[in-house]
Structures are given as C-alpha cells and as structure tokens.
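K.L.:
Next comes the structure file protein_22.cif, holding mmCIF, C-alpha atoms and all ligand atoms.
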```cif
data_final
#
loop_
_atom_site.label_atom_id
_atom_site.label_comp_id
_atom_site.auth_asym_id
_atom_site.auth_seq_id
_atom_site.Cartn_x
_atom_site.Cartn_y
_atom_site.Cartn_z
CA MET A 1 8.51 -30.68 5.01
CA SER A 2 11.37 -32.97 4.10
CA ARG A 3 9.20 -34.57 1.41
CA LEU A 4 8.78 -31.17 -0.18
CA THR A 5 12.50 -30.56 0.18
CA ASN A 6 13.22 -33.91 -1.45
CA TRP A 7 10.82 -33.15 -4.28
CA LEU A 8 12.50 -29.79 -4.89
CA ASP A 9 15.97 -31.21 -4.40
CA GLU A 10 15.41 -33.83 -7.07
CA ARG A 11 14.33 -31.20 -9.55
CA ILE A 12 16.30 -28.05 -8.83
CA GLY A 13 18.83 -29.18 -6.24
CA ILE A 14 17.42 -27.02 -3.46
CA ARG A 15 19.82 -28.36 -0.83
CA GLY A 16 22.80 -27.29 -2.86
CA ILE A 17 21.27 -23.85 -3.35
CA ARG A 18 20.55 -23.55 0.36
CA GLU A 19 24.06 -24.58 1.27
CA THR A 20 25.57 -22.08 -1.15
CA LEU A 21 23.36 -19.27 0.07
CA LEU A 22 23.08 -19.88 3.80
CA ASP A 23 25.84 -22.25 4.85
CA ARG A 24 28.61 -20.08 3.48
CA LYS A 25 31.95 -20.15 5.14
CA ILE A 26 32.63 -16.89 6.87
CA PRO A 27 35.96 -15.69 8.17
CA LYS A 28 36.91 -15.78 11.83
CA GLY A 29 36.10 -12.80 13.96
CA VAL A 30 33.07 -11.41 12.17
CA GLY A 31 30.57 -9.85 14.53
CA TRP A 32 27.91 -7.20 14.84
CA PRO A 33 29.42 -4.77 12.30
CA TYR A 34 28.77 -7.43 9.68
CA VAL A 35 24.99 -7.45 10.15
CA LEU A 36 24.53 -4.02 8.55
CA GLY A 37 24.15 -5.45 5.06
CA SER A 38 21.42 -7.83 6.18
CA VAL A 39 19.76 -4.99 8.09
CA SER A 40 19.75 -2.92 4.92
CA LEU A 41 18.28 -5.81 2.93
CA PHE A 42 15.59 -6.33 5.54
CA LEU A 43 14.72 -2.63 5.49
CA PHE A 44 14.57 -2.65 1.71
CA THR A 45 12.08 -5.53 1.84
CA LEU A 46 10.07 -3.65 4.45
CA GLN A 47 10.01 -0.54 2.26
CA VAL A 48 8.87 -2.56 -0.74
CA VAL A 49 6.01 -4.20 1.18
CA THR A 50 4.79 -1.05 2.92
CA GLY A 51 5.35 1.02 -0.23
CA ILE A 52 3.12 -1.26 -2.30
CA LEU A 53 0.44 -0.94 0.35
CA LEU A 54 0.74 2.86 0.48
CA ALA A 55 0.48 3.12 -3.29
CA MET A 56 -2.94 1.45 -3.06
CA ASN A 57 -4.32 4.55 -1.35
CA TYR A 58 -2.24 7.31 -2.84
CA SER A 59 -3.05 9.64 -5.67
CA PRO A 60 -0.12 11.62 -7.11
CA SER A 61 -1.88 14.81 -8.05
CA PRO A 62 -1.68 18.18 -6.29
CA GLU A 63 -5.42 18.10 -5.76
CA HIS A 64 -5.55 14.67 -4.18
CA ALA A 65 -2.11 13.80 -2.80
CA HIS A 66 -2.51 15.37 0.61
CA SER A 67 -6.12 14.33 1.16
CA SER A 68 -5.43 10.78 0.02
CA VAL A 69 -2.66 10.56 2.59
CA SER A 70 -4.82 11.88 5.41
CA TYR A 71 -7.65 9.58 4.31
CA MET A 72 -5.29 6.64 4.60
CA MET A 73 -4.10 7.80 8.01
CA GLN A 74 -7.58 8.31 9.43
CA LYS A 75 -9.89 5.93 7.65
CA ILE A 76 -7.88 2.85 6.71
CA PRO A 77 -7.32 0.41 9.57
CA MET A 78 -3.59 0.19 10.28
CA GLY A 79 -3.04 2.98 7.76
CA SER A 80 -1.00 5.05 10.18
CA VAL A 81 1.02 1.98 11.17
CA VAL A 82 1.85 1.08 7.58
CA ARG A 83 2.75 4.67 6.76
CA GLY A 84 4.74 4.95 9.99
CA LEU A 85 6.72 1.84 9.10
CA HIS A 86 7.50 3.27 5.67
CA HIS A 87 8.42 6.67 7.12
CA TRP A 88 10.73 5.31 9.82
CA GLY A 89 11.96 2.50 7.61
CA ALA A 90 13.14 5.15 5.16
CA SER A 91 15.17 7.01 7.78
CA PHE A 92 16.61 3.81 9.19
CA MET A 93 17.48 2.65 5.70
CA VAL A 94 19.59 5.72 5.00
CA VAL A 95 21.34 5.21 8.34
CA ALA A 96 21.86 1.45 7.88
CA VAL A 97 23.14 1.69 4.31
CA THR A 98 25.46 4.55 5.25
CA LEU A 99 26.87 2.64 8.22
CA HIS A 100 27.27 -0.43 6.02
CA LEU A 101 29.22 1.67 3.57
CA LEU A 102 31.42 3.15 6.30
CA ARG A 103 32.05 -0.29 7.78
CA THR A 104 33.17 -1.55 4.39
CA PHE A 105 35.38 1.48 3.90
CA PHE A 106 37.11 1.44 7.27
CA TYR A 107 37.61 -2.34 7.23
CA GLY A 108 39.18 -2.01 3.82
CA ALA A 109 36.67 -4.55 2.55
CA TYR A 110 36.37 -2.77 -0.80
CA LYS A 111 39.81 -3.97 -1.93
CA TYR A 112 40.66 -6.69 -4.40
CA PRO A 113 38.79 -8.89 -5.26
CA ARG A 114 35.68 -7.06 -4.04
CA GLU A 115 35.85 -3.84 -6.05
CA LEU A 116 32.65 -4.65 -7.92
CA THR A 117 30.75 -5.32 -4.71
CA TRP A 118 31.93 -1.93 -3.47
CA ILE A 119 31.03 -0.07 -6.64
CA THR A 120 27.53 -1.56 -6.86
CA GLY A 121 27.16 -0.76 -3.18
CA ILE A 122 28.00 2.87 -3.78
CA PHE A 123 25.35 3.08 -6.49
CA ILE A 124 22.80 1.43 -4.22
CA TRP A 125 23.63 4.05 -1.58
CA LEU A 126 23.04 6.84 -4.12
CA LEU A 127 19.74 5.24 -5.12
CA VAL A 128 18.67 5.10 -1.47
CA LEU A 129 19.32 8.84 -1.20
CA GLY A 130 17.27 9.26 -4.38
CA PHE A 131 14.44 7.35 -2.74
CA GLY A 132 14.61 9.69 0.23
CA PHE A 133 14.56 12.81 -1.94
CA THR A 134 11.70 11.72 -4.20
CA GLY A 135 9.64 10.15 -1.43
CA TYR A 136 9.83 13.29 0.65
CA LEU A 137 7.73 15.23 -1.85
CA LEU A 138 4.88 12.73 -2.09
CA PRO A 139 2.86 13.74 1.03
CA TRP A 140 2.56 17.15 -0.68
CA ASP A 141 2.54 19.22 2.48
CA GLN A 142 4.43 22.45 3.15
CA LYS A 143 7.56 20.67 4.32
CA ALA A 144 7.57 18.41 1.29
CA TYR A 145 7.02 21.29 -1.10
CA TRP A 146 9.73 23.56 0.24
CA ALA A 147 12.25 20.78 0.77
CA THR A 148 11.89 19.82 -2.88
CA MET A 149 12.11 23.46 -3.88
CA VAL A 150 15.42 23.68 -2.02
CA GLY A 151 16.62 20.38 -3.54
CA ALA A 152 15.81 21.48 -7.07
CA ASN A 153 17.47 24.86 -6.48
CA ILE A 154 20.60 23.14 -5.22
CA ALA A 155 20.66 21.13 -8.43
CA SER A 156 20.32 24.32 -10.46
CA GLN A 157 23.43 25.78 -8.81
CA ALA A 158 25.65 23.28 -10.58
CA PRO A 159 27.75 24.95 -13.29
CA PHE A 160 26.56 24.80 -16.92
CA LEU A 161 24.15 21.87 -16.68
CA GLY A 162 22.56 22.87 -13.36
CA PRO A 163 19.49 24.72 -14.67
CA ALA A 164 18.82 21.94 -17.17
CA ILE A 165 19.08 19.26 -14.47
CA ALA A 166 16.66 21.17 -12.22
CA LYS A 167 14.25 21.58 -15.11
CA VAL A 168 14.30 17.88 -15.90
CA LEU A 169 13.82 17.02 -12.23
CA ARG A 170 10.87 19.36 -11.88
CA GLY A 171 9.42 18.54 -15.27
CA GLY A 172 9.26 22.26 -16.04
CA GLU A 173 10.11 25.72 -14.80
CA ALA A 174 8.07 25.53 -11.64
CA LEU A 175 7.35 22.95 -9.01
CA GLY A 176 3.87 21.56 -9.61
CA ALA A 177 1.67 18.75 -10.80
CA VAL A 178 4.25 17.42 -13.23
CA THR A 179 6.93 17.40 -10.54
CA LEU A 180 4.69 15.29 -8.36
CA THR A 181 3.93 12.69 -11.03
CA ARG A 182 7.58 12.56 -12.07
CA PHE A 183 8.77 12.08 -8.50
CA TYR A 184 6.11 9.44 -8.02
CA ALA A 185 7.27 7.57 -11.12
CA PHE A 186 10.91 7.82 -9.97
CA HIS A 187 10.01 6.70 -6.48
CA VAL A 188 7.81 3.70 -7.27
CA LEU A 189 9.01 2.56 -10.71
CA LEU A 190 12.44 3.70 -11.78
CA LEU A 191 14.37 3.63 -8.52
CA PRO A 192 12.94 0.31 -7.24
CA ALA A 193 13.74 -1.41 -10.54
CA LEU A 194 17.33 -0.13 -10.57
CA THR A 195 17.82 -0.85 -6.88
CA ALA A 196 16.48 -4.40 -7.12
CA LEU A 197 18.81 -5.10 -10.05
CA LEU A 198 21.85 -3.73 -8.25
CA ILE A 199 21.00 -5.48 -4.98
CA GLY A 200 20.67 -8.75 -6.89
CA PHE A 201 24.11 -8.29 -8.41
CA HIS A 202 25.58 -7.09 -5.09
CA LEU A 203 24.28 -10.19 -3.29
CA PHE A 204 25.45 -12.47 -6.07
CA LEU A 205 28.93 -11.06 -5.60
CA VAL A 206 28.72 -11.46 -1.83
CA VAL A 207 27.85 -15.15 -2.24
CA ARG A 208 30.31 -15.67 -5.07
CA ILE A 209 33.37 -13.97 -3.57
CA GLY A 210 32.51 -14.20 0.10
CA ILE A 211 33.00 -11.52 2.70
CA SER A 212 36.31 -10.21 3.91
CA ALA A 213 37.89 -10.99 7.23
CA PRO A 214 38.09 -8.18 9.78
CA PRO A 215 41.37 -6.32 9.52
CA GLU A 216 44.15 -7.28 11.89
CA LYS A 217 47.17 -5.35 13.00
CA GLU A 218 49.40 -8.01 11.60
CA ASP A 219 48.17 -10.40 8.99
CA LYS A 220 49.06 -13.75 10.47
CA ASN A 221 47.00 -15.65 7.95
CA LYS A 222 49.28 -14.79 5.07
CA PRO A 223 50.93 -17.83 3.61
CA MET B 1 35.27 -28.35 7.45
CA GLU B 2 32.46 -30.86 7.09
CA LYS B 3 28.97 -30.38 8.41
CA ASN B 4 28.74 -29.68 12.10
CA ASN B 5 26.86 -32.71 13.31
CA PRO B 6 26.07 -32.71 17.01
CA PRO B 7 28.06 -35.24 19.05
CA PRO B 8 26.21 -38.57 19.07
CA SER B 9 25.91 -38.59 22.85
CA LEU B 10 23.70 -35.50 22.86
CA PRO B 11 20.12 -35.60 21.64
CA ASP B 12 19.64 -33.41 18.61
CA THR B 13 17.48 -30.86 20.39
CA ASP B 14 20.14 -30.02 22.93
CA SER B 15 22.71 -28.81 20.51
CA ARG B 16 23.71 -25.20 20.37
CA ARG B 17 23.07 -25.26 16.65
CA ASN B 18 19.46 -26.23 17.18
CA PHE B 19 18.96 -23.68 19.92
CA LEU B 20 20.17 -20.90 17.67
CA LYS B 21 18.14 -22.22 14.76
CA GLN B 22 14.98 -22.16 16.83
CA GLY B 23 15.79 -18.73 18.17
CA ILE B 24 16.16 -17.42 14.65
CA PHE B 25 12.88 -19.00 13.57
CA ILE B 26 11.03 -17.58 16.56
CA MET B 27 12.42 -14.09 16.09
CA GLY B 28 11.82 -14.24 12.36
CA GLY B 29 8.28 -15.39 13.00
CA LEU B 30 7.63 -12.54 15.43
CA ILE B 31 8.98 -9.94 13.03
CA THR B 32 6.99 -11.40 10.15
CA ALA B 33 3.83 -11.36 12.27
CA GLY B 34 4.53 -7.82 13.49
CA ILE B 35 4.64 -6.56 9.93
CA GLY B 36 2.27 -9.09 8.40
CA VAL B 37 -0.71 -8.44 10.66
CA PRO B 38 -0.88 -4.67 9.99
CA ALA B 39 -0.15 -5.27 6.31
CA VAL B 40 -2.96 -7.79 5.89
CA THR B 41 -5.37 -5.66 7.94
CA TYR B 42 -4.56 -2.68 5.75
CA PHE B 43 -4.87 -4.66 2.53
CA LEU B 44 -8.20 -6.17 3.51
CA ALA B 45 -9.52 -2.82 4.84
CA PRO B 46 -12.36 -2.64 2.27
CA LEU B 47 -13.85 -5.74 3.91
CA TRP B 48 -14.37 -4.16 7.30
CA GLN B 49 -14.96 -0.58 6.34
CA LYS B 50 -18.55 0.40 6.57
CA GLU B 51 -19.92 2.94 4.17
CA GLU B 52 -21.48 5.72 6.15
CA GLU B 53 -24.18 7.28 4.07
CA ASP B 54 -25.29 10.61 5.40
CA TRP B 55 -28.86 11.70 5.72
CA THR B 56 -29.81 13.75 2.70
CA GLU B 57 -32.47 16.42 2.92
CA VAL B 58 -34.99 16.01 0.12
CA GLY B 59 -37.81 18.41 0.84
CA THR B 60 -40.10 20.30 3.20
CA VAL B 61 -42.81 18.02 4.54
CA ALA B 62 -45.55 20.65 4.34
CA GLU B 63 -44.99 21.13 0.61
CA LEU B 64 -45.09 17.48 -0.35
CA PRO B 65 -48.21 15.99 -1.95
CA VAL B 66 -50.26 13.56 0.13
CA GLY B 67 -51.74 10.37 -1.26
CA GLU B 68 -50.09 10.30 -4.66
CA PRO B 69 -46.51 9.02 -5.16
CA PHE B 70 -44.14 11.76 -6.26
CA LYS B 71 -40.62 11.84 -7.56
CA ILE B 72 -37.98 13.60 -5.53
CA ASP B 73 -34.79 14.87 -7.09
CA PHE B 74 -31.91 15.72 -4.88
CA VAL B 75 -28.19 16.28 -4.84
CA GLN B 76 -26.49 13.46 -3.06
CA ARG B 77 -23.08 13.97 -1.53
CA LYS B 78 -21.21 10.72 -1.63
CA ARG B 79 -17.89 9.82 -0.15
CA ASP B 80 -15.58 8.35 -2.71
CA GLY B 81 -12.39 7.49 -0.87
CA TRP B 82 -10.86 10.82 0.12
CA MET B 83 -13.20 12.75 -2.17
CA THR B 84 -16.74 13.90 -1.68
CA VAL B 85 -18.61 13.84 -4.94
CA GLU B 86 -21.97 15.37 -5.58
CA GLY B 87 -24.35 13.50 -7.77
CA ARG B 88 -27.89 14.02 -8.92
CA SER B 89 -30.13 11.33 -7.63
CA SER B 90 -33.82 10.68 -7.39
CA ALA B 91 -36.31 8.53 -5.55
CA TRP B 92 -40.03 7.84 -5.47
CA ALA B 93 -41.84 8.81 -2.30
CA VAL B 94 -45.37 8.39 -1.05
CA THR B 95 -47.26 9.36 2.07
CA VAL B 96 -50.81 8.70 3.09
CA ASP B 97 -51.03 11.06 6.04
CA GLY B 98 -48.28 13.58 5.44
CA GLU B 99 -46.38 12.21 8.43
CA GLN B 100 -45.26 8.72 7.57
CA PHE B 101 -43.25 8.59 4.39
CA THR B 102 -42.18 5.65 2.30
CA VAL B 103 -39.31 6.27 -0.10
CA PHE B 104 -38.47 3.76 -2.81
CA ASP B 105 -35.17 3.19 -4.51
CA PRO B 106 -35.78 4.50 -8.03
CA ARG B 107 -34.24 1.40 -9.58
CA CYS B 108 -36.43 -1.52 -10.52
CA THR B 109 -35.60 -4.61 -8.47
CA HIS B 110 -35.39 -6.64 -11.65
CA LEU B 111 -32.40 -5.23 -13.48
CA GLY B 112 -32.26 -1.66 -12.31
CA CYS B 113 -34.24 0.30 -14.86
CA PRO B 114 -35.86 3.53 -13.70
CA TYR B 115 -39.60 2.94 -13.34
CA ARG B 116 -42.31 5.60 -13.15
CA TRP B 117 -45.67 6.16 -11.55
CA ASP B 118 -48.64 5.86 -13.82
CA ALA B 119 -51.24 8.19 -12.37
CA GLU B 120 -54.11 6.65 -14.29
CA LYS B 121 -53.42 3.02 -13.54
CA LYS B 122 -52.26 3.96 -10.04
CA LYS B 123 -49.28 1.66 -10.39
CA PHE B 124 -45.51 1.85 -10.81
CA LEU B 125 -44.56 0.64 -14.28
CA CYS B 126 -41.14 -0.42 -15.41
CA PRO B 127 -40.64 0.05 -19.16
CA CYS B 128 -37.81 -2.43 -19.55
CA HIS B 129 -39.60 -5.73 -19.01
CA ASN B 130 -43.10 -4.57 -18.15
CA ALA B 131 -42.95 -4.97 -14.41
CA VAL B 132 -45.86 -3.60 -12.41
CA PHE B 133 -45.59 -2.59 -8.76
CA SER B 134 -48.34 -1.50 -6.42
CA VAL B 135 -48.24 1.79 -4.53
CA THR B 136 -46.72 -0.08 -1.58
CA GLY B 137 -44.01 -1.55 -3.80
CA GLU B 138 -45.39 -5.09 -4.12
CA VAL B 139 -44.74 -6.89 -7.39
CA LEU B 140 -48.02 -7.24 -9.27
CA ALA B 141 -46.67 -8.50 -12.58
CA GLY B 142 -43.42 -9.06 -14.40
CA PRO B 143 -40.05 -10.53 -13.59
CA PRO B 144 -38.82 -8.63 -10.49
CA PRO B 145 -37.80 -11.06 -7.73
CA ARG B 146 -38.79 -8.84 -4.81
CA PRO B 147 -40.76 -5.72 -3.91
CA LEU B 148 -39.26 -2.28 -4.48
CA ASP B 149 -36.34 -1.45 -2.21
CA ARG B 150 -36.90 1.26 0.38
CA PHE B 151 -34.56 3.92 1.68
CA PRO B 152 -34.44 4.77 5.38
CA VAL B 153 -36.54 7.86 6.05
CA LYS B 154 -36.77 10.37 8.84
CA VAL B 155 -38.58 13.63 9.42
CA ALA B 156 -36.84 16.27 11.47
CA GLY B 157 -37.67 19.94 11.85
CA GLY B 158 -40.35 19.78 9.18
CA LYS B 159 -37.88 18.42 6.62
CA LEU B 160 -37.79 15.02 5.02
CA PHE B 161 -34.47 13.18 5.08
CA ILE B 162 -33.52 9.95 3.39
CA LYS B 163 -30.48 7.76 3.38
CA PRO B 164 -30.01 6.61 -0.18
CA ALA B 165 -28.08 3.37 0.16
CA GLN B 166 -25.79 2.00 -2.46
CA LYS B 167 -26.76 -1.49 -3.36
CA LYS B 168 -24.13 -4.17 -3.22
CA GLY B 169 -21.92 -4.48 -6.23
CA GLU B 170 -22.81 -1.12 -7.71
CA GLY B 171 -20.51 1.78 -8.16
S1 LIG C 301 -35.66 -3.85 -15.21
FE1 LIG C 301 -37.66 -3.41 -14.58
S2 LIG C 301 -38.73 -5.07 -15.38
FE2 LIG C 301 -36.71 -5.59 -15.94
#
```
Let me see the file written as structure tokens.

P.N.:
Amino acid sequence: MSRLTNWLDERIGIRGIRETLLDRKIPKGVGWPYVLGSVSLFLFTLQVVTGILLAMNYSPSPEHAHSSVSYMMQKIPMGSVVRGLHHWGASFMVVAVTLHLLRTFFYGAYKYPRELTWITGIFIWLLVLGFGFTGYLLPWDQKAYWATMVGANIASQAPFLGPAIAKVLRGGEALGAVTLTRFYAFHVLLLPALTALLIGFHLFLVVRIGISAPPEKEDKNKP
Amino acid sequence: MEKNNPPPSLPDTDSRRNFLKQGIFIMGGLITAGIGVPAVTYFLAPLWQKEEEDWTEVGTVAELPVGEPFKIDFVQRKRDGWMTVEGRSSAWAVTVDGEQFTVFDPRCTHLGCPYRWDAEKKKFLCPCHNAVFSVTGEVLAGPPPRPLDRFPVKVAGGKLFIKPAQKKGEG
C-alpha cells in the first residue's frame, strides 16, 4: 500500500492532496450538526449509484414505464432493494440537504467570506427539489400522474409566464408521453450534470475557505 | 499544530487516533458492502436469471400425419423483459406411432439456415451448404457439427405441446 502511495506521491503528490482534503484544520466545538453536509454528499452518491442501476431496467414511455418498474421489482434479484434505496434515499436527501441549509443559516455560516458556498448551496438545494419533482413522475402510476398534474398546474398559476412555464415543463398542452421523456431527461441527464458541477464547486470552496466555527455568545477569539 | 504523532511510549495501535481510524474503516466497509452487494447482484442479474419458456400448443395429435415429417407453424409468445411479444415460429416434427413425437429446431445446426424435408429422398436438406440429415436428425453429409437440435415435447389432453428453446447467443 505504501509503495503505491509512494509511486503516486512522486508523480502527483498524493500525500499533499490527502492532507489538504482530509487533514483540514477545523474550528473548535464542531459536532454533530456539522455532519449534515457529508450526509448529503453520501446520499447523493447513493442516488447516483442506485439511479444508474434503475435506469438499466427502466423505459420512459407511457406504455412501458409502469410495467418496466414492476418487472424490476419482481423479476430482478435485489431489484426492490435497489429501488427502495433510491426511493428512501431521495426522501432522506431532501431532509438532509434542508437541515444542512438550516444549520448554515442559523449558525450564520453563510456570512463573509463564505457567501459563494452559501449561494451554490442554495442552488444545489433547488436542484434536489427538482430531482424530487421529476423523479416522482417516472413510476407512471396514479400518484405520479396526478402529483405531476398538480405541480404543472401550480406552475401555470404564476402571473404572465405561468402558462408558458407549465407548457415547457409538460412538453405540450397535456400531460403525456412527451412529459415523461422530458422529465426522464431532466432527472437523469440535466439535473445530475448541474448538481455534480455545483457540488464540485461547493466542496472546492469548503476545502479552500474552511468551515466556520460555531457561533458563541461572545466572540472571545477576536483579536 | 504539527502532525499528531502518538507518544513514543505507546505502541501505535493503542492510540486513540488509530482506534478511530479503524472504526471509520470498518463502518465504511460495512456501508460499502451493504450497498455494494445488492448493487452487484442487481447488475449481474442476467447471469442468474433463467429464461422460462412456456409450453406452446402446436396442434391436435389426432390430426397430425404419422410417419412423414411435417412442418408446424405456431405463434410463440416470448417474454422480452417486461414485454410479452408474439412471434411466428416453426419447427419440424415427426412421429412413427402417433404417440411419441420428435420435434426438431427448424434451424440447421451448421449456421442456422432453415432446412426442409425432401419427401422423395426421405431426408432433411439444408440449401445453404448442402447438409443432409436423416429422419432422426443424424448428419448424413455436409458441414453440420452435430445432429439436429430437438425441442422438449409433451402430449396433454390430445394436444401436442413444445418448448421452443432459444439457443445461446441468439436474440
Ligand atoms: S447452414 Fe445448413 S449447411 Fe450450412
């Protein structure tokens, strides 16, 4: 193992990279509230892995979507486990990312110099909600259909642009085959690409700037 | 702060740092296994899924000719993932007593051409590379490496059923 490390170290300086990434200095007093970011990252990885597997057995067409899902659940070994992980992982992800956001807000961790970390984080949170909305339609059952109907109608309530937004979301006047392929493309291509980019930048900032100390009643550390 | 080396008096394994390190590796390993095992099982599913071919009814025994091989055409319902597709298929069948049937895969065992029964020569002839098979499927001439393949057959309620198997590597 250390021979491999030496080999890599000589060429790309792996020890330095590891120290920068993992042996970062962290402020005094950090505790459990600070794990939420890592939890979110773990869940994102889980969703990517299980999502890739699900896509191998899924067909985004009104004719096949539902039966391909039930085929996967009944006929593929571990199919229900993989789908269950993705299903629950999705709910947990919304919870974890939201709690992470609230933690950052209430600890005042969004302040100078971490505004960019905060802003990218907000966009990641919005993308996670987008994942939830688009992924919900894919099983193509009654719940999925009507939930998306409601979602698209909410969008159409917005003044002026609303109807246009709903039309673009649905891919037409009515919810149907095109909506399903569009949502599938959003869910497995567009959103993952954007999210991965933003997470990369977010993590770069976390490593670069470091994380904030927990707030204190009186800031004794001030010079 | 420099690196946190354990005090020299303590062996390396006793340090708190090492304990935590090991704990993290063990927990990480368990989580990875917990997700990895289902994921790999799922990914490799095609390896341990067996194709269940259903018995296909191909005719009424009483109406089938005895002695001479005959071609049977039937509609085969195949499972294709979550879909059931119907396809026209055929097979060559022969019976000597009207009770025991032999049903041959209609594809030549050489390279898969459809062969036919020549009623005058009393042999199966394959047009592609001039293979000749006997009425029992033995290779009499030509390049085929083995006798004609047979489908499982059963007779139930006066009807003839076969199980047309997909050969390996064919779609
Ligand atoms: S395919 Fe029948 S002889 Fe070659």

K.L.:
Could you give me, as a ChimeraX atom specification, every polymer residue with an atom at most 12 Å away from an atom of ligand LIG 301 (chain C), counting only C-alpha atoms and all ligand atoms?

P.N.:
/B:106-116,124-133,139-148

K.L.:
Give me, as a PDB file with C-alpha atoms, in the frame of the given file, the residues of chain B touching chain A, with the criterion being at most 6 Å (counting only C-alpha atoms).

P.N.:
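The result, written out as selection.pdb:
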```
ATOM      1  CA  PRO B  38      -0.880  -4.670   9.990  1.00  0.00           C
ATOM      2  CA  TYR B  42      -4.560  -2.680   5.750  1.00  0.00           C
ATOM      3  CA  TRP B  82     -10.860  10.820   0.120  1.00  0.00           C
TER       4      TRP B  82
END
```

K.L.:
Just to confirm, what's the straight-line distance from atom CA of Pro192 of chain A to atom CA of Phe44 of chain A in Å (one decimal)?

P.N.:
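Going from atom CA of Pro192 of chain A over to atom CA of Phe44 of chain A covers 9.6 Å.
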
K.L.:
Please identify all polymer residues within 12 Å of Gly89 of chain A, counting all atoms listed in the file, omitting same-chain residues fewer than 5 positions from it, and present them as a CSV table (one decimal) with C-alpha atoms, keeping the file's coordinate frame.

P.N.:
```csv
chain,number,residue,atom,x,y,z
A,39,VAL,CA,19.8,-5.0,8.1
A,40,SER,CA,19.8,-2.9,4.9
A,41,LEU,CA,18.3,-5.8,2.9
A,42,PHE,CA,15.6,-6.3,5.5
A,43,LEU,CA,14.7,-2.6,5.5
A,44,PHE,CA,14.6,-2.6,1.7
A,45,THR,CA,12.1,-5.5,1.8
A,46,LEU,CA,10.1,-3.6,4.4
A,47,GLN,CA,10.0,-0.5,2.3
A,48,VAL,CA,8.9,-2.6,-0.7
A,49,VAL,CA,6.0,-4.2,1.2
A,50,THR,CA,4.8,-1.0,2.9
A,51,GLY,CA,5.4,1.0,-0.2
A,81,VAL,CA,1.0,2.0,11.2
A,82,VAL,CA,1.8,1.1,7.6
A,83,ARG,CA,2.8,4.7,6.8
A,84,GLY,CA,4.7,5.0,10.0
A,94,VAL,CA,19.6,5.7,5.0
A,95,VAL,CA,21.3,5.2,8.3
A,96,ALA,CA,21.9,1.4,7.9
A,97,VAL,CA,23.1,1.7,4.3
A,128,VAL,CA,18.7,5.1,-1.5
A,131,PHE,CA,14.4,7.4,-2.7
A,132,GLY,CA,14.6,9.7,0.2
B,35,ILE,CA,4.6,-6.6,9.9
```

K.L.:
Between atom CA of Asp80 of chain B and atom CA of Phe43 of chain B, what is the spacing in Å?

P.N.:
17.6 Å

K.L.:
To one decimal place, how far is atom CA of Arg18 of chain A from atom CA of Val30 of chain A in Å?

P.N.:
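Between these atoms lies a distance of 21.1 Å.
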
K.L.:
Once 8 Å is added on each side, what centre and edge lengths in Å to one decimal does the axis-aligned box around all listed atoms of segment 176-183 of chain A have, as lines of an AutoDock Vina configuration file?

P.N.:
```
center_x = 5.2
center_y = 16.8
center_z = -10.8
size_x = 23.1
size_y = 25.5
size_z = 20.9
```

K.L.:
Just the residues within 12 Å of Thr136 of chain B, please, counting all atoms listed in the file, with nothing from its chain fewer than 2 positions along; format it as a PyMOL selection string.

P.N.:
chain B and resi 67-69+92-96+101-104+117+122-124+132-134+138-140+147-150

K.L.:
Would you list the residues near (32.6, -2.7, 6.0), meaning any protein, DNA or RNA residue with an atom at most 12 Å from that point in file coordinates, counting all atoms listed in the file, as a VMD selection string?

P.N.:
chain A and resid 30 to 37 96 to 111 114 117 to 118 121 211 to 215

K.L.:
How would the residues just picked look written out with C-alpha atoms as a PDB file, keeping the file's coordinate frame?

P.N.:
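What landed in out-v6.pdb:
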```pdb
ATOM      1  CA  VAL A  30      33.070 -11.410  12.170  1.00  0.00           C
ATOM      2  CA  GLY A  31      30.570  -9.850  14.530  1.00  0.00           C
ATOM      3  CA  TRP A  32      27.910  -7.200  14.840  1.00  0.00           C
ATOM      4  CA  PRO A  33      29.420  -4.770  12.300  1.00  0.00           C
ATOM      5  CA  TYR A  34      28.770  -7.430   9.680  1.00  0.00           C
ATOM      6  CA  VAL A  35      24.990  -7.450  10.150  1.00  0.00           C
ATOM      7  CA  LEU A  36      24.530  -4.020   8.550  1.00  0.00           C
ATOM      8  CA  GLY A  37      24.150  -5.450   5.060  1.00  0.00           C
ATOM      9  CA  ALA A  96      21.860   1.450   7.880  1.00  0.00           C
ATOM     10  CA  VAL A  97      23.140   1.690   4.310  1.00  0.00           C
ATOM     11  CA  THR A  98      25.460   4.550   5.250  1.00  0.00           C
ATOM     12  CA  LEU A  99      26.870   2.640   8.220  1.00  0.00           C
ATOM     13  CA  HIS A 100      27.270  -0.430   6.020  1.00  0.00           C
ATOM     14  CA  LEU A 101      29.220   1.670   3.570  1.00  0.00           C
ATOM     15  CA  LEU A 102      31.420   3.150   6.300  1.00  0.00           C
ATOM     16  CA  ARG A 103      32.050  -0.290   7.780  1.00  0.00           C
ATOM     17  CA  THR A 104      33.170  -1.550   4.390  1.00  0.00           C
ATOM     18  CA  PHE A 105      35.380   1.480   3.900  1.00  0.00           C
ATOM     19  CA  PHE A 106      37.110   1.440   7.270  1.00  0.00           C
ATOM     20  CA  TYR A 107      37.610  -2.340   7.230  1.00  0.00           C
ATOM     21  CA  GLY A 108      39.180  -2.010   3.820  1.00  0.00           C
ATOM     22  CA  ALA A 109      36.670  -4.550   2.550  1.00  0.00           C
ATOM     23  CA  TYR A 110      36.370  -2.770  -0.800  1.00  0.00           C
ATOM     24  CA  LYS A 111      39.810  -3.970  -1.930  1.00  0.00           C
ATOM     25  CA  ARG A 114      35.680  -7.060  -4.040  1.00  0.00           C
ATOM     26  CA  THR A 117      30.750  -5.320  -4.710  1.00  0.00           C
ATOM     27  CA  TRP A 118      31.930  -1.930  -3.470  1.00  0.00           C
ATOM     28  CA  GLY A 121      27.160  -0.760  -3.180  1.00  0.00           C
ATOM     29  CA  ILE A 211      33.000 -11.520   2.700  1.00  0.00           C
ATOM     30  CA  SER A 212      36.310 -10.210   3.910  1.00  0.00           C
ATOM     31  CA  ALA A 213      37.890 -10.990   7.230  1.00  0.00           C
ATOM     32  CA  PRO A 214      38.090  -8.180   9.780  1.00  0.00           C
ATOM     33  CA  PRO A 215      41.370  -6.320   9.520  1.00  0.00           C
TER      34      PRO A 215
END
```

K.L.:
Can you tell me which residues surround Val58 of chain B at a distance of at most 9 Å, considering all atoms listed in the file, apart from same-chain residues fewer than 4 positions away, and format the answer as a list in words?

P.N.:
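Here the qualifying residues turn out to be Ile72, Asp73, Phe74, Val75, Lys159, Leu160, Phe161 and Ile162 of chain B.
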
K.L.:
Counting all atoms listed in the file, select every polymer residue within 7 Å of (-38.3, 16.2, 10.5) as defined in the file's coordinates, and provide the selection as a list of chain:residue names.

P.N.:
B:Lys154, B:Val155, B:Ala156, B:Gly157, B:Gly158, B:Lys159, B:Leu160

K.L.:
Skipping near chain neighbours, those fewer than 5 positions away, what residues fall within 12 Å of Arg182 of chain A using only C-alpha atoms, listed as a ChimeraX atom specification?

P.N.:
/A:60-61,134-135,137-138,167-172,175-177,187-191

K.L.:
Hey, which of A:Thr148, A:Thr20, A:Thr181, A:Ser156 ends up closest to Tyr136 of chain A? Count only C-alpha atoms.

P.N.:
A:Thr148
